[in-house]
Amino acid sequence: MSKQNEKSPSEALKKRLFHTPKDAYATLDEAQIQSAFDYCEGYKDFINSAKTEREFVKAAIKTAEEKGFKPLDRDKKLKPGDRIYLNNRNKSLLLAVIGTRPITDGVSIAAAHIDSPRLDLKPNPLYEDNNLAYFDTRYYGGIKKYQWPAVPLALHGVVALKDGSTVEICIGENESDPVFCVTDLLPHLSSEQMKKNASEFIRGEDLNILVGSRPFKDDKGSELVKLNIMKILHERYGILERDFVSAELLAVPAYPARDVGLDCSMIGGYGHDDRVCAYPALTALLETQNPAYTAVTVLADKEEVGSEGNTGMQSAFFENFIADIATSFGNYARHVFQNSVCLSADVNVAFDPIYADVVDIRNCAKLNHGVVLTKYTGSRGKSDTSDASAEFMAIIRRLMDDNGVLWQIGELGKVDAGGGGTVAKYIADLDVDTVDLGVPVLSMHSPFEVVSKLDVYMAHRAFSALLGRE
Ligand code: MN
Ligand code: MN
């Protein structure tokens, strides 16, 4: 080695003492990068056919059954190696692979959510205004309202009928389907609109979806455009206007997830938050064979609106599921929880050079730097967060390092810049060691979120490491 290439004492000491985050492309070899890209093809396919929590549950059950999972049967005694699932009202899903260690040694939990921000139809949604027909909506979750007009929308969901049957609706995903949209004002006439605050220039009440303009063929009467739309819906789905009362119809962006960038290194699409963690949490569990600790994946609903209700993470459904497993081995759920560990699988902000001033660059995740480990979420002075312990952080970083998972740390923005939460605190409340780990996202909660393929693959590796831990 020539003298010039020798490290100076300060350089050598820095190398030993400092932590320098590395781009995953500088760390992974070609084969690993290819594995990540291949994995993401499966991810894109899955989220293109599962845009809502109901569709995700359905698709996950289908895949799980192909991999030997069976509905939980409370009359059957569980044994190591059993692969079970519990479908909670078609909107959240619990899956488990029973481990070889005693259940009171605790379980490994990967908990993600499968609901995403969108526009929900109101209970009385259909109306006509000046010969145009609309669906009136109420937005679901934290959206920037101005991002939703002028975007093609698809309609997904169910209409439950009084006779107990359910009609499934999905319009706008096939190329031959029509799509819908919220209209926006032309720039030529926007001088007043553009003076308004961004949170006000598109009002929630104005997020009305254009659904028709052709009147029913008759020269007499009012609401003929609305009548024609209702006639089409009735012919196609057998539904009446009153049936909207018992429906859950969601408007979501109509386009599929696509590669982003000339190098195809990223994926853009609707609802990466939190399918980009839910899918890896699912694939990791499906691949888990004979784990030491019972491995559990939770796919929860209602995270975007506070995790409430009987399909949200604050509901007893999760506790009851663990209790069912514990009971099968003659134990109590509380003795399982106190020894359990959980990765709350949710996204965090990725550093965006265009909006650099809202984050602390030394404590913000970056694209292509692996999964982001978030010790605490919440806002202000650590409000509304479970804040993982130092000891648990040490356990998780060792687990990641031992399994070749590239990871980084991240906070959700600068102190007092805003904030947000995840399901972590609800699981921690059950006496479980819990920390957030997930994929960094650009344009979070927009109709077109962006993630890095390498980070998505690292999420799969991270949840595999957790669920397969020795
Ligand atoms: Mn989320
Ligand atoms: Mn979110």
# chains A, B, ... in the order shown; residues from 1 in each chain; ligands from 1
>>> residues_near_ligand(ligand="ligand 1", cutoff="12 Å", atoms="only C-alpha atoms and all ligand atoms", output="ChimeraX atom specification")
/A:111-117,141-142,271-278,299-307,344-349,377,412,420-424,436-441,444-445
>>> select_by_dssp(residues="region 136-240 of chain A", states="strand (DSSP E)", output="VMD selection string")
chain A and resid 136 to 140 153 to 160 166 to 171 208 to 212
>>> atom_distance(atom1="CA of Asp73 (chain A)", atom2="CA of Tyr332 (chain A)")
18.0 Å
>>> atom_distance(atom1="CA of Gly238 (chain A)", atom2="CA of Ile171 (chain A)")
15.3 Å
>>> residues_around(residues="Asn131 (chain A)", least_positions_apart="3", cutoff="9 Å", atoms="only C-alpha atoms", output="list in words")
Glu128, Gly212, Ser213, Arg214, Pro215, Glu223, Leu224, Val225 and Lys226 of chain A
>>> write_last_selection(atoms="all heavy atoms", output="JSON list (two decimals), in the first residue's frame")
[["chain", "number", "residue", "atom", "x", "y", "z"],
["A", 128, "GLU", "N", -78.03, 14.93, -8.41],
["A", 128, "GLU", "CA", -77.87, 15.59, -9.70],
["A", 128, "GLU", "C", -77.85, 17.10, -9.49],
["A", 128, "GLU", "O", -78.62, 17.64, -8.69],
["A", 128, "GLU", "CB", -79.04, 15.20, -10.62],
["A", 128, "GLU", "CG", -78.97, 15.88, -11.97],
["A", 128, "GLU", "CD", -80.05, 15.37, -12.94],
["A", 128, "GLU", "OE1", -80.51, 14.23, -12.78],
["A", 128, "GLU", "OE2", -80.43, 16.15, -13.84],
["A", 212, "GLY", "N", -71.89, 11.01, -14.11],
["A", 212, "GLY", "CA", -72.76, 10.89, -15.28],
["A", 212, "GLY", "C", -73.26, 12.23, -15.80],
["A", 212, "GLY", "O", -73.23, 13.24, -15.10],
["A", 213, "SER", "N", -73.71, 12.19, -17.08],
["A", 213, "SER", "CA", -74.22, 13.42, -17.71],
["A", 213, "SER", "C", -75.36, 13.14, -18.70],
["A", 213, "SER", "O", -75.92, 14.05, -19.27],
["A", 213, "SER", "CB", -73.08, 14.14, -18.44],
["A", 213, "SER", "OG", -72.67, 13.39, -19.57],
["A", 214, "ARG", "N", -75.68, 11.87, -18.88],
["A", 214, "ARG", "CA", -76.68, 11.52, -19.91],
["A", 214, "ARG", "C", -78.04, 11.25, -19.26],
["A", 214, "ARG", "O", -78.16, 10.37, -18.41],
["A", 214, "ARG", "CB", -76.18, 10.26, -20.65],
["A", 214, "ARG", "CG", -77.13, 9.79, -21.72],
["A", 214, "ARG", "CD", -76.55, 8.60, -22.47],
["A", 214, "ARG", "NE", -77.51, 8.07, -23.42],
["A", 214, "ARG", "CZ", -77.21, 7.16, -24.32],
["A", 214, "ARG", "NH1", -75.98, 6.67, -24.41],
["A", 214, "ARG", "NH2", -78.14, 6.72, -25.15],
["A", 215, "PRO", "N", -79.06, 12.00, -19.67],
["A", 215, "PRO", "CA", -80.37, 11.81, -19.04],
["A", 215, "PRO", "C", -81.06, 10.52, -19.50],
["A", 215, "PRO", "O", -80.79, 10.03, -20.59],
["A", 215, "PRO", "CB", -81.16, 13.03, -19.50],
["A", 215, "PRO", "CG", -80.46, 13.56, -20.70],
["A", 215, "PRO", "CD", -79.05, 13.06, -20.68],
["A", 223, "GLU", "N", -84.28, 15.28, -12.50],
["A", 223, "GLU", "CA", -83.27, 14.30, -12.06],
["A", 223, "GLU", "C", -83.15, 13.12, -13.04],
["A", 223, "GLU", "O", -83.02, 11.97, -12.62],
["A", 223, "GLU", "CB", -83.60, 13.77, -10.66],
["A", 223, "GLU", "CG", -83.59, 14.86, -9.59],
["A", 223, "GLU", "CD", -83.67, 14.26, -8.19],
["A", 223, "GLU", "OE1", -84.71, 13.66, -7.87],
["A", 223, "GLU", "OE2", -82.68, 14.38, -7.46],
["A", 224, "LEU", "N", -83.18, 13.41, -14.32],
["A", 224, "LEU", "CA", -83.14, 12.31, -15.30],
["A", 224, "LEU", "C", -81.74, 11.75, -15.47],
["A", 224, "LEU", "O", -81.58, 10.59, -15.85],
["A", 224, "LEU", "CB", -83.70, 12.80, -16.64],
["A", 224, "LEU", "CG", -85.20, 13.17, -16.61],
["A", 224, "LEU", "CD1", -85.66, 13.66, -17.96],
["A", 224, "LEU", "CD2", -86.05, 11.99, -16.14],
["A", 225, "VAL", "N", -80.71, 12.55, -15.20],
["A", 225, "VAL", "CA", -79.33, 12.03, -15.27],
["A", 225, "VAL", "C", -79.10, 11.08, -14.10],
["A", 225, "VAL", "O", -78.59, 9.97, -14.25],
["A", 225, "VAL", "CB", -78.30, 13.18, -15.26],
["A", 225, "VAL", "CG1", -76.89, 12.62, -15.28],
["A", 225, "VAL", "CG2", -78.52, 14.09, -16.47],
["A", 226, "LYS", "N", -79.54, 11.52, -12.92],
["A", 226, "LYS", "CA", -79.44, 10.66, -11.74],
["A", 226, "LYS", "C", -80.23, 9.36, -11.95],
["A", 226, "LYS", "O", -79.75, 8.27, -11.62],
["A", 226, "LYS", "CB", -79.97, 11.41, -10.50],
["A", 226, "LYS", "CG", -80.09, 10.54, -9.27],
["A", 226, "LYS", "CD", -80.63, 11.29, -8.07],
["A", 226, "LYS", "CE", -81.06, 10.28, -6.99],
["A", 226, "LYS", "NZ", -81.53, 10.93, -5.76]]
>>> closest_residue(among="A:Leu185, A:Leu78, A:Ile143, A:Leu399", to="ligand 2", atoms="only C-alpha atoms and all ligand atoms")
A:Ile143
>>> closest_residue(among="A:Arg362, A:Ser446, A:Cys170, A:Tyr426", to="ligand 2", atoms="only C-alpha atoms and all ligand atoms")
A:Ser446
>>> residues_around(residues="Ala333 (chain A)", least_positions_apart="2", cutoff="6 Å", atoms="only C-alpha atoms", output="PyMOL selection string")
chain A and resi 322-323+326+335-336
>>> closest_residue(among="A:Glu168, A:Glu411, A:Gln32, A:Ser328", to="Val359 (chain A)", atoms="only C-alpha atoms")
A:Glu411
>>> select_by_dssp(residues="region 90-210 of chain A", states="helix (DSSP H, G or I)", output="list in words")
Ile103, Thr104, Asp105, Lys145, Tyr146, Gln147, Pro187, His188, Leu189, Gln193, Met194, Lys195, Gly204, Glu205 and Asp206 of chain A
>>> closest_residue(among="A:Tyr270, A:Phe56, A:Tyr146, A:Phe69", to="ligand 2", atoms="only C-alpha atoms and all ligand atoms")
A:Tyr270
>>> residues_around(residues="Ile109 (chain A)", least_positions_apart="3", cutoff="10 Å", atoms="only C-alpha atoms", output="PDB file with N, CA and C atoms, in the first residue's frame")
ATOM      1  N   LEU A  95     -52.848 -13.868  11.146  1.00  0.00           N
ATOM      2  CA  LEU A  95     -52.281 -15.148  10.687  1.00  0.00           C
ATOM      3  C   LEU A  95     -51.198 -15.560  11.671  1.00  0.00           C
ATOM      4  N   ALA A  96     -51.065 -16.868  11.874  1.00  0.00           N
ATOM      5  CA  ALA A  96     -50.024 -17.332  12.796  1.00  0.00           C
ATOM      6  C   ALA A  96     -49.458 -18.676  12.358  1.00  0.00           C
ATOM      7  N   GLY A 106     -43.591 -16.237  24.668  1.00  0.00           N
ATOM      8  CA  GLY A 106     -43.970 -15.062  23.882  1.00  0.00           C
ATOM      9  C   GLY A 106     -44.063 -15.384  22.406  1.00  0.00           C
ATOM     10  N   ALA A 112     -49.115  -4.656  10.592  1.00  0.00           N
ATOM     11  CA  ALA A 112     -49.228  -3.610   9.577  1.00  0.00           C
ATOM     12  C   ALA A 112     -50.701  -3.227   9.430  1.00  0.00           C
ATOM     13  N   ALA A 281     -44.903  -8.145   5.476  1.00  0.00           N
ATOM     14  CA  ALA A 281     -45.263  -8.834   6.723  1.00  0.00           C
ATOM     15  C   ALA A 281     -46.009 -10.132   6.405  1.00  0.00           C
ATOM     16  N   LEU A 285     -44.371 -14.068   6.731  1.00  0.00           N
ATOM     17  CA  LEU A 285     -45.056 -15.092   7.530  1.00  0.00           C
ATOM     18  C   LEU A 285     -45.327 -16.346   6.703  1.00  0.00           C
ATOM     19  N   TYR A 293     -40.389 -19.379  18.065  1.00  0.00           N
ATOM     20  CA  TYR A 293     -41.478 -18.624  18.693  1.00  0.00           C
ATOM     21  C   TYR A 293     -42.663 -18.589  17.729  1.00  0.00           C
ATOM     22  N   THR A 294     -43.855 -18.696  18.259  1.00  0.00           N
ATOM     23  CA  THR A 294     -45.048 -18.552  17.420  1.00  0.00           C
ATOM     24  C   THR A 294     -44.994 -17.213  16.690  1.00  0.00           C
ATOM     25  N   ALA A 295     -45.167 -17.280  15.360  1.00  0.00           N
ATOM     26  CA  ALA A 295     -45.048 -16.094  14.515  1.00  0.00           C
ATOM     27  C   ALA A 295     -46.439 -15.599  14.140  1.00  0.00           C
ATOM     28  N   VAL A 296     -46.661 -14.293  14.304  1.00  0.00           N
ATOM     29  CA  VAL A 296     -47.988 -13.728  14.062  1.00  0.00           C
ATOM     30  C   VAL A 296     -47.876 -12.511  13.144  1.00  0.00           C
ATOM     31  N   THR A 297     -48.704 -12.469  12.125  1.00  0.00           N
ATOM     32  CA  THR A 297     -48.819 -11.251  11.319  1.00  0.00           C
ATOM     33  C   THR A 297     -50.231 -10.696  11.483  1.00  0.00           C
ATOM     34  N   VAL A 298     -50.300  -9.401  11.798  1.00  0.00           N
ATOM     35  CA  VAL A 298     -51.570  -8.711  11.972  1.00  0.00           C
ATOM     36  C   VAL A 298     -51.737  -7.739  10.812  1.00  0.00           C
ATOM     37  N   SER A 340     -43.643 -11.133  24.642  1.00  0.00           N
ATOM     38  CA  SER A 340     -43.721 -11.031  23.181  1.00  0.00           C
ATOM     39  C   SER A 340     -42.974  -9.807  22.655  1.00  0.00           C
ATOM     40  N   VAL A 341     -42.629  -9.875  21.379  1.00  0.00           N
ATOM     41  CA  VAL A 341     -41.979  -8.731  20.721  1.00  0.00           C
ATOM     42  C   VAL A 341     -42.755  -8.395  19.451  1.00  0.00           C
ATOM     43  N   CYS A 342     -42.778  -7.113  19.121  1.00  0.00           N
ATOM     44  CA  CYS A 342     -43.558  -6.683  17.956  1.00  0.00           C
ATOM     45  C   CYS A 342     -42.808  -5.645  17.135  1.00  0.00           C
ATOM     46  N   LEU A 343     -42.802  -5.850  15.839  1.00  0.00           N
ATOM     47  CA  LEU A 343     -42.424  -4.785  14.923  1.00  0.00           C
ATOM     48  C   LEU A 343     -43.723  -4.206  14.382  1.00  0.00           C
ATOM     49  N   SER A 344     -43.983  -2.968  14.732  1.00  0.00           N
ATOM     50  CA  SER A 344     -45.133  -2.255  14.180  1.00  0.00           C
ATOM     51  C   SER A 344     -44.702  -1.828  12.786  1.00  0.00           C
ATOM     52  N   ALA A 345     -45.287  -2.506  11.790  1.00  0.00           N
ATOM     53  CA  ALA A 345     -44.790  -2.384  10.415  1.00  0.00           C
ATOM     54  C   ALA A 345     -45.491  -1.237   9.714  1.00  0.00           C
ATOM     55  N   ILE A 427     -50.291  -1.848  20.648  1.00  0.00           N
ATOM     56  CA  ILE A 427     -49.721  -3.172  20.928  1.00  0.00           C
ATOM     57  C   ILE A 427     -48.833  -3.095  22.162  1.00  0.00           C
ATOM     58  N   VAL A 432     -46.431  -5.515  25.475  1.00  0.00           N
ATOM     59  CA  VAL A 432     -45.554  -6.127  24.472  1.00  0.00           C
ATOM     60  C   VAL A 432     -44.438  -5.134  24.120  1.00  0.00           C
ATOM     61  N   ASP A 433     -43.197  -5.601  24.040  1.00  0.00           N
ATOM     62  CA  ASP A 433     -42.113  -4.741  23.548  1.00  0.00           C
ATOM     63  C   ASP A 433     -42.339  -4.482  22.075  1.00  0.00           C
ATOM     64  N   THR A 434     -42.481  -3.197  21.711  1.00  0.00           N
ATOM     65  CA  THR A 434     -42.889  -2.838  20.349  1.00  0.00           C
ATOM     66  C   THR A 434     -42.054  -1.679  19.829  1.00  0.00           C
ATOM     67  N   PHE A 463     -38.915  -8.571   8.389  1.00  0.00           N
ATOM     68  CA  PHE A 463     -40.007  -9.314   9.030  1.00  0.00           C
ATOM     69  C   PHE A 463     -39.705 -10.814   9.048  1.00  0.00           C
ATOM     70  N   LEU A 466     -37.532 -11.307  12.071  1.00  0.00           N
ATOM     71  CA  LEU A 466     -38.322 -11.269  13.308  1.00  0.00           C
ATOM     72  C   LEU A 466     -39.115 -12.583  13.492  1.00  0.00           C
ATOM     73  N   LEU A 467     -39.852 -12.949  12.447  1.00  0.00           N
ATOM     74  CA  LEU A 467     -40.783 -14.083  12.586  1.00  0.00           C
ATOM     75  C   LEU A 467     -40.046 -15.416  12.668  1.00  0.00           C
TER      76      LEU A 467
END
>>> atom_distance(atom1="CA of Val252 (chain A)", atom2="CA of Asp206 (chain A)")
16.4 Å
>>> closest_residue(among="A:Arg334, A:Ile395, A:Pro125, A:Met400", to="Asp431 (chain A)", atoms="only C-alpha atoms")
A:Arg334
>>> residues_around(residues="Ile325 (chain A)", least_positions_apart="6", cutoff="9 Å", atoms="only C-alpha atoms", output="ChimeraX atom specification")
/A:74,77-78,98,103,331,333
>>> closest_residue(among="A:Ser443, A:Thr283, A:Ser35, A:Ser389", to="ligand 2", atoms="only C-alpha atoms and all ligand atoms")
A:Ser443
>>> residues_around(residues="Ser452 (chain A)", least_positions_apart="4", cutoff="7 Å", atoms="only C-alpha atoms", output="PyMOL selection string")
chain A and resi 265-267+367-368+456
>>> write_last_selection(atoms="N, CA, C and O atoms", output="PDB file, in the first residue's frame")
ATOM      1  N   SER A 265     -35.776   2.134 -10.327  1.00  0.00           N
ATOM      2  CA  SER A 265     -35.349   1.794  -8.962  1.00  0.00           C
ATOM      3  C   SER A 265     -36.439   2.025  -7.923  1.00  0.00           C
ATOM      4  O   SER A 265     -36.304   1.602  -6.785  1.00  0.00           O
ATOM      5  N   MET A 266     -37.521   2.703  -8.334  1.00  0.00           N
ATOM      6  CA  MET A 266     -38.577   3.053  -7.380  1.00  0.00           C
ATOM      7  C   MET A 266     -39.937   2.574  -7.902  1.00  0.00           C
ATOM      8  O   MET A 266     -40.065   2.214  -9.068  1.00  0.00           O
ATOM      9  N   ILE A 267     -40.916   2.587  -7.011  1.00  0.00           N
ATOM     10  CA  ILE A 267     -42.287   2.237  -7.391  1.00  0.00           C
ATOM     11  C   ILE A 267     -43.197   3.373  -6.965  1.00  0.00           C
ATOM     12  O   ILE A 267     -43.141   3.813  -5.814  1.00  0.00           O
ATOM     13  N   LEU A 367     -34.295   7.333   1.133  1.00  0.00           N
ATOM     14  CA  LEU A 367     -34.585   6.291   0.160  1.00  0.00           C
ATOM     15  C   LEU A 367     -33.325   5.451  -0.078  1.00  0.00           C
ATOM     16  O   LEU A 367     -32.210   5.995  -0.055  1.00  0.00           O
ATOM     17  N   ASN A 368     -33.494   4.145  -0.293  1.00  0.00           N
ATOM     18  CA  ASN A 368     -32.368   3.251  -0.608  1.00  0.00           C
ATOM     19  C   ASN A 368     -31.384   3.049   0.529  1.00  0.00           C
ATOM     20  O   ASN A 368     -30.271   2.591   0.305  1.00  0.00           O
ATOM     21  N   VAL A 456     -38.163  -1.902   0.030  1.00  0.00           N
ATOM     22  CA  VAL A 456     -39.310  -2.826   0.123  1.00  0.00           C
ATOM     23  C   VAL A 456     -38.803  -4.243   0.402  1.00  0.00           C
ATOM     24  O   VAL A 456     -39.315  -4.950   1.281  1.00  0.00           O
TER      25      VAL A 456
END
